>>> print(open('run30.txt').read())   # compact mmCIF, C-alpha atoms
# COMPACT_ATOMS: atom_id res chain seq x y z
CA MET R 1374 -33.09 44.49 29.28
CA PRO R 1375 -33.80 40.67 32.66
CA LEU R 1376 -36.58 38.61 33.39
CA HIS R 1377 -38.31 36.51 33.28
CA VAL R 1378 -48.57 36.61 34.26
CA ARG R 1379 -51.37 35.18 36.10
CA PRO R 1380 -54.93 36.21 37.10
CA PHE R 1381 -54.99 37.21 40.69
CA ALA R 1382 -57.82 35.39 42.48
CA THR R 1383 -56.14 31.97 42.40
CA MET R 1384 -52.53 33.03 42.84
CA LEU R 1385 -52.21 34.06 46.48
CA ALA R 1386 -52.20 30.53 47.86
CA LEU R 1387 -49.50 29.58 45.38
CA VAL R 1388 -47.12 32.49 45.91
CA ALA R 1389 -44.45 30.49 47.71
CA LEU R 1390 -44.83 27.41 45.53
CA SER R 1391 -45.15 28.65 41.97
CA VAL R 1392 -43.12 30.69 39.55
CA PRO R 1393 -44.90 33.64 37.93
CA ALA R 1394 -45.67 33.53 34.25
CA LEU R 1395 -43.73 36.53 33.11
CA SER R 1396 -41.27 36.61 30.30
CA GLY R 1397 -41.87 32.87 30.05
CA CYS R 1398 -41.53 32.06 33.75
CA THR R 1399 -44.06 29.22 33.88
CA PRO R 1400 -42.40 26.11 32.46
CA SER R 1401 -43.80 24.84 29.20
CA PRO R 1402 -42.30 22.53 26.60
CA PRO R 1403 -40.05 24.34 24.11
CA PRO R 1404 -41.05 24.22 20.46
CA ALA R 1405 -39.82 21.05 18.81
CA LEU R 1406 -36.88 21.63 16.54
CA PRO R 1407 -37.45 20.52 12.96
CA THR R 1408 -36.27 16.99 12.28
CA SER R 1409 -34.78 18.12 9.00
CA ALA R 1410 -32.24 20.32 10.76
CA ALA R 1411 -28.71 18.99 10.80
CA PRO R 1412 -26.88 20.80 13.62
CA SER R 1413 -23.16 21.11 13.17
CA ALA R 1414 -22.60 20.77 16.89
CA THR R 1415 -24.35 19.66 20.05
CA ALA R 1416 -23.99 21.80 23.15
CA THR R 1417 -23.63 19.96 26.46
CA THR R 1418 -25.37 21.17 29.59
CA GLY R 1419 -22.24 20.88 31.68
CA ASP R 1420 -23.98 18.90 34.45
CA GLY R 1421 -24.33 15.48 32.87
CA GLY R 1422 -27.87 16.15 31.75
CA THR R 1423 -29.45 15.76 28.34
CA PRO R 1424 -27.47 17.74 25.73
CA ALA R 1425 -29.21 20.85 24.45
CA PRO R 1426 -29.75 20.84 20.68
CA ALA R 1427 -27.74 23.34 18.68
CA LEU R 1428 -29.84 25.97 16.89
CA GLU R 1429 -28.95 26.75 13.31
CA LYS R 1430 -31.08 29.48 11.73
CA PRO R 1431 -29.01 32.73 11.66
CA THR R 1432 -31.93 35.15 11.28
CA ALA R 1433 -35.44 35.63 12.62
CA ALA R 1434 -38.21 37.85 11.32
CA PRO R 1435 -40.44 40.22 13.27
CA VAL R 1436 -44.12 40.16 12.39
CA LEU R 1437 -44.92 43.59 13.81
CA GLU R 1438 -43.47 46.51 15.75
CA THR R 1439 -44.70 48.82 18.47
CA GLU R 1440 -45.88 52.34 18.05
CA THR R 1441 -43.28 54.88 19.09
CA PHE R 1442 -43.27 57.07 22.16
CA PRO R 1443 -43.51 60.80 21.44
CA GLY R 1444 -40.12 62.48 21.22
CA SER R 1445 -36.90 61.71 19.42
CA GLY R 1446 -33.86 59.50 19.74
CA ASP R 1447 -33.20 56.19 21.44
CA ILE R 1448 -35.68 56.55 24.29
CA SER R 1449 -37.27 53.09 24.57
CA ASP R 1450 -35.08 50.04 24.91
CA ASP R 1451 -36.20 47.60 27.61
CA SER R 1452 -39.30 45.46 28.02
CA ALA R 1453 -41.04 42.74 30.01
CA ILE R 1454 -43.94 40.49 29.01
CA TRP R 1455 -47.08 39.96 31.07
CA VAL R 1456 -48.79 36.73 29.98
CA ASP R 1457 -52.57 36.42 30.40
CA PRO R 1458 -53.22 32.65 30.57
CA ALA R 1459 -56.99 33.11 30.52
CA ASP R 1460 -56.84 35.15 27.31
CA PRO R 1461 -53.36 35.00 25.72
CA GLY R 1462 -54.26 37.69 23.18
CA ASN R 1463 -54.84 40.06 26.09
CA SER R 1464 -51.18 39.83 27.15
CA LEU R 1465 -49.14 43.02 27.42
CA VAL R 1466 -45.61 44.27 26.86
CA VAL R 1467 -44.29 46.69 29.49
CA ALA R 1468 -41.74 49.12 28.05
CA ASP R 1469 -39.50 51.86 29.44
CA ASN R 1470 -39.18 55.42 28.21
CA LYS R 1471 -35.79 56.74 29.32
CA ALA R 1472 -36.17 60.23 27.84
CA THR R 1473 -34.77 62.94 30.10
CA SER R 1474 -37.94 64.94 29.47
CA GLY R 1475 -41.27 63.15 29.16
CA GLY R 1476 -39.92 59.76 30.21
CA GLY R 1477 -41.94 57.08 31.96
CA ILE R 1478 -43.41 53.63 31.42
CA GLY R 1479 -45.88 52.29 28.86
CA LEU R 1480 -48.03 49.27 28.09
CA PHE R 1481 -48.35 47.86 24.57
CA ASP R 1482 -50.82 45.22 23.40
CA MET R 1483 -50.08 42.21 21.22
CA ASN R 1484 -50.62 44.33 18.10
CA GLY R 1485 -47.96 46.83 19.21
CA LYS R 1486 -50.44 49.59 20.10
CA MET R 1487 -49.79 51.65 23.23
CA VAL R 1488 -52.71 51.24 25.63
CA HIS R 1489 -51.35 53.12 28.66
CA PHE R 1490 -48.52 55.48 29.59
CA ARG R 1491 -47.36 57.03 32.86
CA PRO R 1492 -44.92 60.00 32.72
CA ASP R 1493 -43.07 58.90 35.86
CA GLY R 1494 -39.51 59.91 35.06
CA MET R 1495 -36.50 58.58 33.20
CA ILE R 1496 -37.18 54.85 33.58
CA GLY R 1497 -34.17 52.71 32.73
CA ASN R 1498 -35.01 49.00 32.77
CA VAL R 1499 -38.27 47.21 33.62
CA ASP R 1500 -39.29 43.81 34.95
CA LEU R 1501 -42.35 42.22 36.59
CA ARG R 1502 -43.54 39.37 38.76
CA ALA R 1503 -47.01 38.02 39.42
CA GLY R 1504 -48.28 36.61 42.70
CA PHE R 1505 -46.98 39.44 44.84
CA PRO R 1506 -49.06 39.51 48.07
CA ALA R 1507 -50.48 42.95 48.87
CA SER R 1508 -53.62 43.97 50.77
CA GLY R 1509 -54.77 40.36 51.02
CA SER R 1510 -54.70 39.72 47.29
CA SER R 1511 -52.27 38.65 44.60
CA THR R 1512 -50.83 41.43 42.47
CA VAL R 1513 -48.75 41.78 39.33
CA LEU R 1514 -45.83 43.88 40.55
CA VAL R 1515 -43.95 45.91 37.93
CA GLY R 1516 -40.64 47.57 38.75
CA GLY R 1517 -37.93 49.69 37.25
CA ASN R 1518 -35.06 52.00 38.07
CA ASN R 1519 -35.79 55.72 37.87
CA ARG R 1520 -32.70 57.52 36.58
CA THR R 1521 -34.23 60.93 37.19
CA ASP R 1522 -33.93 60.73 40.98
CA ASN R 1523 -32.03 57.42 41.45
CA THR R 1524 -34.90 55.56 43.07
CA LEU R 1525 -36.80 52.31 42.71
CA ALA R 1526 -40.04 52.71 40.75
CA LEU R 1527 -42.84 50.26 41.58
CA TRP R 1528 -46.32 49.83 40.09
CA SER R 1529 -49.18 47.35 40.18
CA LEU R 1530 -50.60 46.18 36.86
CA ASP R 1531 -54.40 45.86 36.63
CA PRO R 1532 -55.29 43.37 33.86
CA ALA R 1533 -58.92 44.52 33.79
CA THR R 1534 -58.17 48.18 33.10
CA ARG R 1535 -54.77 47.49 31.46
CA THR R 1536 -53.20 50.28 33.49
CA LEU R 1537 -50.37 50.78 35.97
CA ALA R 1538 -50.67 52.43 39.39
CA PRO R 1539 -47.69 53.50 41.56
CA VAL R 1540 -47.30 51.46 44.75
CA ALA R 1541 -43.93 52.47 46.23
CA ALA R 1542 -44.38 53.14 49.96
CA ARG R 1543 -41.86 55.99 49.87
CA SER R 1544 -38.98 57.35 47.84
CA ILE R 1545 -36.62 54.35 47.83
CA ALA R 1546 -33.09 55.52 47.14
CA THR R 1547 -30.60 53.44 45.15
CA GLU R 1548 -26.92 53.82 44.43
CA ALA R 1549 -26.40 56.87 42.22
CA PRO R 1550 -26.33 56.92 39.31
CA ASN R 1551 -28.43 53.80 38.78
CA TYR R 1552 -28.68 52.19 35.36
CA GLY R 1553 -30.51 48.86 35.15
CA PHE R 1554 -33.04 46.69 36.96
CA CYS R 1555 -34.46 43.17 37.29
CA MET R 1556 -36.58 41.14 39.73
CA TYR R 1557 -36.44 37.74 41.44
CA HIS R 1558 -39.06 35.55 43.17
CA SER R 1559 -37.37 33.00 45.42
CA ARG R 1560 -38.69 29.44 45.39
CA ALA R 1561 -36.82 28.78 48.64
CA SER R 1562 -38.50 31.50 50.71
CA GLY R 1563 -41.36 32.84 48.57
CA LYS R 1564 -39.88 36.33 48.94
CA PHE R 1565 -39.58 38.89 46.15
CA TYR R 1566 -36.45 40.87 45.35
CA ALA R 1567 -35.23 43.66 43.07
CA PHE R 1568 -31.73 44.18 41.71
CA VAL R 1569 -30.42 47.60 40.63
CA THR R 1570 -27.23 47.97 38.59
CA PRO R 1571 -24.80 50.93 38.51
CA ASN R 1572 -23.83 53.34 35.76
CA GLY R 1573 -20.11 52.88 36.30
CA ALA R 1574 -17.91 51.21 38.89
CA GLY R 1575 -19.98 50.44 41.96
CA SER R 1576 -22.28 47.72 43.22
CA VAL R 1577 -25.30 45.77 42.07
CA GLN R 1578 -27.79 46.25 44.90
CA GLN R 1579 -30.29 43.59 45.99
CA PHE R 1580 -33.48 44.76 47.75
CA GLU R 1581 -36.12 42.64 49.47
CA LEU R 1582 -39.62 43.77 48.48
CA ALA R 1583 -42.55 43.54 50.89
CA ALA R 1584 -46.00 45.08 51.20
CA ASP R 1585 -46.88 47.23 54.20
CA SER R 1586 -50.22 47.33 56.02
CA THR R 1587 -51.66 49.75 53.47
CA GLY R 1588 -50.76 47.61 50.44
CA LYS R 1589 -47.87 49.81 49.40
CA VAL R 1590 -44.49 48.19 48.64
CA ASP R 1591 -41.29 48.96 50.51
CA ALA R 1592 -37.75 47.76 49.87
CA THR R 1593 -34.90 46.82 52.20
CA PRO R 1594 -31.27 46.48 50.99
CA VAL R 1595 -29.99 42.95 51.67
CA ARG R 1596 -26.81 42.51 49.57
CA THR R 1597 -24.33 44.29 47.30
CA LEU R 1598 -22.25 42.80 44.47
CA PRO R 1599 -19.22 44.93 43.51
CA VAL R 1600 -18.55 45.52 39.80
CA SER R 1601 -15.67 47.41 38.26
CA SER R 1602 -17.42 49.11 35.35
CA ILE R 1603 -20.79 50.07 33.86
CA THR R 1604 -23.38 47.32 34.21
CA GLU R 1605 -26.95 47.62 32.94
CA SER R 1606 -28.83 44.42 32.23
CA CYS R 1607 -29.60 41.57 34.58
CA VAL R 1608 -32.08 38.71 34.78
CA ALA R 1609 -32.89 36.18 37.51
CA ASP R 1610 -33.89 32.55 37.06
CA ASP R 1611 -36.66 32.06 39.63
CA GLU R 1612 -36.63 28.27 39.38
CA LEU R 1613 -32.90 27.61 39.48
CA GLY R 1614 -31.95 30.51 41.74
CA HIS R 1615 -29.41 32.16 39.44
CA LEU R 1616 -28.74 35.84 38.75
CA TYR R 1617 -27.13 36.84 35.44
CA VAL R 1618 -25.49 40.27 35.18
CA GLY R 1619 -24.21 41.91 32.00
CA GLN R 1620 -21.06 43.97 32.56
CA GLU R 1621 -21.18 45.92 29.31
CA GLY R 1622 -17.55 45.82 28.22
CA VAL R 1623 -16.65 42.56 29.96
CA GLY R 1624 -19.28 39.84 29.57
CA ILE R 1625 -21.91 37.82 31.42
CA TRP R 1626 -21.57 36.93 35.11
CA LYS R 1627 -23.59 34.29 36.96
CA TYR R 1628 -24.29 34.67 40.70
CA GLY R 1629 -26.55 32.99 43.19
CA ALA R 1630 -29.78 35.00 43.41
CA GLU R 1631 -30.49 34.37 47.10
CA PRO R 1632 -29.47 37.21 49.44
CA ASP R 1633 -27.11 34.93 51.39
CA ALA R 1634 -25.31 33.68 48.25
CA GLY R 1635 -22.37 36.06 48.73
CA THR R 1636 -20.34 37.60 45.92
CA GLU R 1637 -18.98 34.44 44.28
CA ARG R 1638 -19.57 34.41 40.53
CA THR R 1639 -18.68 32.51 37.39
CA SER R 1640 -18.22 33.73 33.82
CA VAL R 1641 -20.83 32.55 31.32
CA ASP R 1642 -19.22 34.29 28.34
CA ALA R 1643 -16.83 37.15 27.67
CA VAL R 1644 -16.66 40.03 25.21
CA GLY R 1645 -14.09 39.24 22.56
CA ASP R 1646 -14.46 35.47 22.65
CA GLY R 1647 -16.36 35.50 19.34
CA ARG R 1648 -19.97 35.59 20.52
CA LEU R 1649 -20.38 38.98 22.22
CA GLU R 1650 -19.33 42.44 21.04
CA ALA R 1651 -19.57 45.30 23.52
CA ASP R 1652 -21.87 46.37 24.83
CA VAL R 1653 -23.47 43.37 26.53
CA GLU R 1654 -27.05 44.57 26.93
CA GLY R 1655 -30.51 43.04 27.44
CA MET R 1656 -31.07 39.61 28.99
CA SER R 1657 -34.11 37.36 29.32
CA ILE R 1658 -34.91 33.77 30.22
CA ALA R 1659 -37.34 31.64 28.22
CA TYR R 1660 -38.48 28.93 30.62
CA GLY R 1661 -38.98 25.37 29.40
CA ALA R 1662 -40.08 22.32 31.37
CA ASP R 1663 -37.91 20.66 34.01
CA GLY R 1664 -35.13 23.24 33.93
CA ALA R 1665 -34.95 23.40 30.13
CA GLY R 1666 -35.07 26.64 28.23
CA TYR R 1667 -32.81 29.42 27.06
CA LEU R 1668 -30.91 32.50 28.20
CA PHE R 1669 -31.11 35.30 25.61
CA VAL R 1670 -28.43 38.02 25.61
CA SER R 1671 -28.19 41.11 23.41
CA SER R 1672 -24.81 41.80 21.79
CA GLN R 1673 -25.13 45.46 20.87
CA GLY R 1674 -21.77 45.82 19.12
CA ASP R 1675 -22.84 43.63 16.20
CA SER R 1676 -26.64 43.83 16.63
CA THR R 1677 -26.98 40.11 17.31
CA ILE R 1678 -28.66 38.06 20.00
CA ALA R 1679 -26.83 35.15 21.61
CA ILE R 1680 -28.72 32.14 22.96
CA TYR R 1681 -27.34 29.98 25.77
CA ASP R 1682 -28.70 26.84 27.37
CA ARG R 1683 -30.52 27.71 30.57
CA ALA R 1684 -29.29 24.53 32.27
CA GLY R 1685 -25.90 23.55 33.63
CA SER R 1686 -23.00 25.78 32.64
CA ASN R 1687 -25.06 27.72 30.06
CA ALA R 1688 -23.55 26.29 26.88
CA PHE R 1689 -23.65 28.65 23.91
CA LEU R 1690 -26.15 27.56 21.23
CA LYS R 1691 -26.17 30.22 18.50
CA SER R 1692 -26.23 33.90 17.59
CA PHE R 1693 -28.77 35.41 15.22
CA LYS R 1694 -30.00 38.69 13.83
CA VAL R 1695 -33.54 40.04 13.65
CA ALA R 1696 -33.89 40.87 9.96
CA GLY R 1697 -36.44 43.07 8.23
CA ASN R 1698 -39.77 41.64 7.16
CA GLY R 1699 -41.87 43.65 4.73
CA ASP R 1700 -42.76 47.00 6.29
CA VAL R 1701 -41.08 46.07 9.59
CA ASP R 1702 -37.41 47.02 9.49
CA GLY R 1703 -34.59 44.92 10.91
CA VAL R 1704 -33.05 45.45 14.33
CA THR R 1705 -29.95 47.59 14.85
CA GLY R 1706 -28.16 48.65 18.02
CA THR R 1707 -29.88 45.91 20.04
CA ASP R 1708 -30.36 46.78 23.69
CA GLY R 1709 -33.18 45.39 25.84
CA LEU R 1710 -35.15 42.24 25.08
CA ALA R 1711 -37.75 39.95 26.64
CA ALA R 1712 -38.73 36.37 25.82
CA THR R 1713 -41.46 33.90 26.74
CA MET R 1714 -42.28 30.39 25.61
CA GLU R 1715 -45.92 30.81 26.57
CA ASN R 1716 -48.83 31.46 24.24
CA VAL R 1717 -49.39 35.21 23.97
CA GLY R 1718 -52.01 35.19 21.26
CA PRO R 1719 -52.31 34.79 17.49
CA ARG R 1720 -48.94 34.62 15.70
CA PHE R 1721 -47.25 33.97 19.05
CA GLU R 1722 -48.81 30.69 20.15
CA GLN R 1723 -45.36 29.19 20.84
CA GLY R 1724 -44.00 32.29 22.50
CA MET R 1725 -42.52 35.63 21.59
CA LEU R 1726 -39.27 37.57 21.61
CA VAL R 1727 -39.45 41.35 22.02
CA VAL R 1728 -36.34 43.18 20.78
CA HIS R 1729 -35.30 46.83 20.93
CA ASP R 1730 -34.43 48.57 17.64
CA GLU R 1731 -32.34 51.71 18.04
CA ALA R 1732 -32.33 52.94 14.43
CA ASN R 1733 -36.03 52.49 13.79
CA SER R 1734 -36.44 53.24 10.07
CA GLY R 1735 -38.97 55.92 9.17
CA ALA R 1736 -39.48 57.11 12.76
CA ASP R 1737 -37.99 59.65 15.14
CA THR R 1738 -37.58 57.27 18.08
CA SER R 1739 -36.51 53.72 18.80
CA ASN R 1740 -39.14 51.03 19.22
CA LEU R 1741 -39.67 47.32 19.87
CA LYS R 1742 -40.03 44.46 17.41
CA TYR R 1743 -42.24 41.39 18.10
CA VAL R 1744 -40.73 38.11 16.85
CA PRO R 1745 -42.47 34.69 17.03
CA LEU R 1746 -40.25 32.47 19.17
CA SER R 1747 -40.94 29.61 16.77
CA ASP R 1748 -38.91 31.52 14.17
CA VAL R 1749 -36.00 31.87 16.59
CA LEU R 1750 -35.74 28.34 17.94
CA LYS R 1751 -34.85 26.68 14.63
>>> encode(input="run30.txt", output="structure tokens")
Amino acid sequence: MPLHVRPFATMLALVALSVPALSGCTPSPPPALPTSAAPSATATTGDGGTPAPALEKPTAAPVLETETFPGSGDISDDSAIWVDPADPGNSLVVADNKATSGGGIGLFDMNGKMVHFRPDGMIGNVDLRAGFPASGSSTVLVGGNNRTDNTLALWSLDPATRTLAPVAARSIATEAPNYGFCMYHSRASGKFYAFVTPNGAGSVQQFELAADSTGKVDATPVRTLPVSSITESCVADDELGHLYVGQEGVGIWKYGAEPDAGTERTSVDAVGDGRLEADVEGMSIAYGADGAGYLFVSSQGDSTIAIYDRAGSNAFLKSFKVAGNGDVDGVTGTDGLAATMENVGPRFEQGMLVVHDEANSGADTSNLKYVPLSDVLK
């Protein structure tokens, strides 16, 4: 599974004006499509803007994969990318471990090696935002939903030590059972929010996040969005103010992300219309310049990833598979994913896609594959 960083000393003054550089959140020009490509169709943005180019290549190749968490089974499926603009190769991938015993949250480097792990419970989905104001400084705030006790889990990420530290002010209860999670940083107000999705019929909950006088982070419920069946993934577009929610057996819904946006929604795509096979799973936004970019959505039923235009009415662009590449096996049972168009080091200078692989060949647990975004956007 959602979206969606920066050194801290210069960020505080920009919190209300800038979008954090996570999962591609700072706009940057998308990789140029090859002039030799001959798209069979051109997708329109739906708002009279410049048409988005169709993307043709049906497969992409991972260049490496992460180490596995100890244990067995499909225990790691969601991720978020922290981009270090000062040293792109120092960027990190945050990943969940949803094991019922020994679960928690981990950090992986750009070579796929685990550099930190916290055994903090059965963490479902993860997301992060930079520029969060706490204790007079700017912090990278990482969040997730804890399925063990149906609470919000919150950490600060320290780029110097490459570790996570818990910062929740108290035990913050969510609807039970919770299932998924994403975050939103409002351009309109500068406020930070978290969304938690339900494991079954219920409501997507929106919480406002704020630091207390001690630097801990508390959460206040501000809105609920009723859904009729299991809903895990979500991602928010910080620039355009949209929230995308994946109702697993139904499709993709688009809401306003502001707390006063109400419950009105539109359908981006539906299961059974030829592009998505249940379950609809992970989502991520790759931010381009001036509202350009892409919405990535995992179609678990056929182990493909669908790409939609980020602008306008989210025109469909293509579906593709992550195939095997040498010793790195292909992706099956796709669940969570994360994407950025920013430079995250050698082999990923034009961005990266991180994809969950359920049936990780030669291992006892699932893991994550790292794919150069330049190999996807062709």
>>> residues_around(input="run30.txt", residues="Tyr1617 of chain R", least_positions_apart="4", cutoff="9 Å", atoms="only C-alpha atoms", output="PyMOL selection string")
chain R and resi 1375+1606-1610+1625-1630+1641+1656
>>> residues_around(input="run30.txt", residues="Gln1673 of chain R", least_positions_apart="5", cutoff="9 Å", atoms="only C-alpha atoms", output="list in words")
Leu1649, Glu1650, Ala1651, Asp1652, Val1653, Glu1654, Gly1655, Ile1678, Thr1705, Gly1706, Thr1707 and Asp1708 of chain R
>>> write_last_selection(input="run30.txt", atoms="C-alpha atoms", output="mmCIF file, keeping the file's coordinate frame")
data_model
loop_
_atom_site.group_PDB
_atom_site.id
_atom_site.type_symbol
_atom_site.label_atom_id
_atom_site.label_comp_id
_atom_site.auth_asym_id
_atom_site.auth_seq_id
_atom_site.Cartn_x
_atom_site.Cartn_y
_atom_site.Cartn_z
ATOM 1 C CA LEU R 1649 -20.380 38.980 22.220
ATOM 2 C CA GLU R 1650 -19.330 42.440 21.040
ATOM 3 C CA ALA R 1651 -19.570 45.300 23.520
ATOM 4 C CA ASP R 1652 -21.870 46.370 24.830
ATOM 5 C CA VAL R 1653 -23.470 43.370 26.530
ATOM 6 C CA GLU R 1654 -27.050 44.570 26.930
ATOM 7 C CA GLY R 1655 -30.510 43.040 27.440
ATOM 8 C CA ILE R 1678 -28.660 38.060 20.000
ATOM 9 C CA THR R 1705 -29.950 47.590 14.850
ATOM 10 C CA GLY R 1706 -28.160 48.650 18.020
ATOM 11 C CA THR R 1707 -29.880 45.910 20.040
ATOM 12 C CA ASP R 1708 -30.360 46.780 23.690
#
>>> atom_distance(input="run30.txt", atom1="atom CA of Gly1588 of chain R", atom2="atom CA of Val1540 of chain R")
7.7 Å
>>> closest_residue(input="run30.txt", among="R:Gly1614, R:Gly1494, R:Gly1666, R:Pro1599", to="Ala1688 of chain R", atoms="only C-alpha atoms")
R:Gly1666
>>> atom_distance(input="run30.txt", atom1="atom CA of Ala1696 of chain R", atom2="atom CA of Asp1450 of chain R")
17.6 Å
>>> atom_distance(input="run30.txt", atom1="atom CA of Asp1469 of chain R", atom2="atom CA of Phe1442 of chain R")
9.7 Å
>>> closest_atom_pairs(input="run30.txt", of="segment 1672-1715 of chain R", to="segment 1719-1741 of chain R", cutoff="12 Å", atoms="all atoms listed in the file", output="tab-separated table")
residue	atom	partner	partner_atom	distance
R:Ser1672	CA	R:Val1728	CA	11.7
R:Gln1673	CA	R:Glu1731	CA	10.0
R:Ser1676	CA	R:Asp1730	CA	9.2
R:Thr1677	CA	R:Val1728	CA	10.4
R:Ile1678	CA	R:Val1728	CA	9.3
R:Ile1680	CA	R:Leu1726	CA	11.9
R:Lys1694	CA	R:Val1728	CA	10.4
R:Val1695	CA	R:Val1728	CA	8.3
R:Ala1696	CA	R:Asp1730	CA	10.9
R:Gly1697	CA	R:Ser1734	CA	10.3
R:Asp1700	CA	R:Ser1734	CA	9.7
R:Val1701	CA	R:Ser1734	CA	8.6
R:Asp1702	CA	R:Ser1734	CA	6.3
R:Gly1703	CA	R:Asp1730	CA	7.7
R:Val1704	CA	R:Asp1730	CA	4.8
R:Thr1705	CA	R:Asp1730	CA	5.4
R:Gly1706	CA	R:Glu1731	CA	5.2
R:Thr1707	CA	R:His1729	CA	5.6
R:Asp1708	CA	R:His1729	CA	5.7
R:Gly1709	CA	R:His1729	CA	5.5
R:Leu1710	CA	R:Val1728	CA	4.6
R:Ala1711	CA	R:Val1727	CA	5.1
R:Ala1712	CA	R:Leu1726	CA	4.4
R:Thr1713	CA	R:Gly1724	CA	5.2
R:Met1714	CA	R:Gly1724	CA	4.0
R:Glu1715	CA	R:Gly1724	CA	4.7
>>> residues_around(input="run30.txt", residues="Leu1428 of chain R", least_positions_apart="5", cutoff="6 Å", atoms="all atoms listed in the file", output="list in words")
Leu1690, Lys1691 and Lys1751 of chain R
>>> write_last_selection(input="run30.txt", atoms="C-alpha atoms", output="PDB file, in the frame of the given file")
ATOM      1  CA  LEU R1690     -26.150  27.560  21.230  1.00  0.00           C
ATOM      2  CA  LYS R1691     -26.170  30.220  18.500  1.00  0.00           C
ATOM      3  CA  LYS R1751     -34.850  26.680  14.630  1.00  0.00           C
TER       4      LYS R1751
END
>>> closest_atom_pairs(input="run30.txt", of="segment 1576-1630 of chain R", to="segment 1642-1645 of chain R", cutoff="7 Å", atoms="all atoms listed in the file", output="JSON lines")
{"residue": "R:Gly1622", "atom": "CA", "partner": "R:Val1644", "partner_atom": "CA", "distance": 6.6}
{"residue": "R:Val1623", "atom": "CA", "partner": "R:Val1644", "partner_atom": "CA", "distance": 5.4}
{"residue": "R:Gly1624", "atom": "CA", "partner": "R:Ala1643", "partner_atom": "CA", "distance": 4.1}
{"residue": "R:Ile1625", "atom": "CA", "partner": "R:Asp1642", "partner_atom": "CA", "distance": 5.4}
>>> write_last_selection(input="run30.txt", atoms="C-alpha atoms", output="JSON list (two decimals), in the frame of the given file")
[["chain", "number", "residue", "atom", "x", "y", "z"],
["R", 1622, "GLY", "CA", -17.55, 45.82, 28.22],
["R", 1623, "VAL", "CA", -16.65, 42.56, 29.96],
["R", 1624, "GLY", "CA", -19.28, 39.84, 29.57],
["R", 1625, "ILE", "CA", -21.91, 37.82, 31.42]]
>>> closest_residue(input="run30.txt", among="R:Gly1509, R:Asp1675, R:Phe1669, R:His1615", to="Ala1584 of chain R", atoms="all atoms listed in the file")
R:Gly1509
>>> residues_near_point(input="run30.txt", point="(-33.4, 53.9, 34.9)", cutoff="10 Å", atoms="only C-alpha atoms", output="PyMOL selection string")
chain R and resi 1469-1472+1476-1477+1494-1499+1517-1526+1550-1554+1569-1572+1605
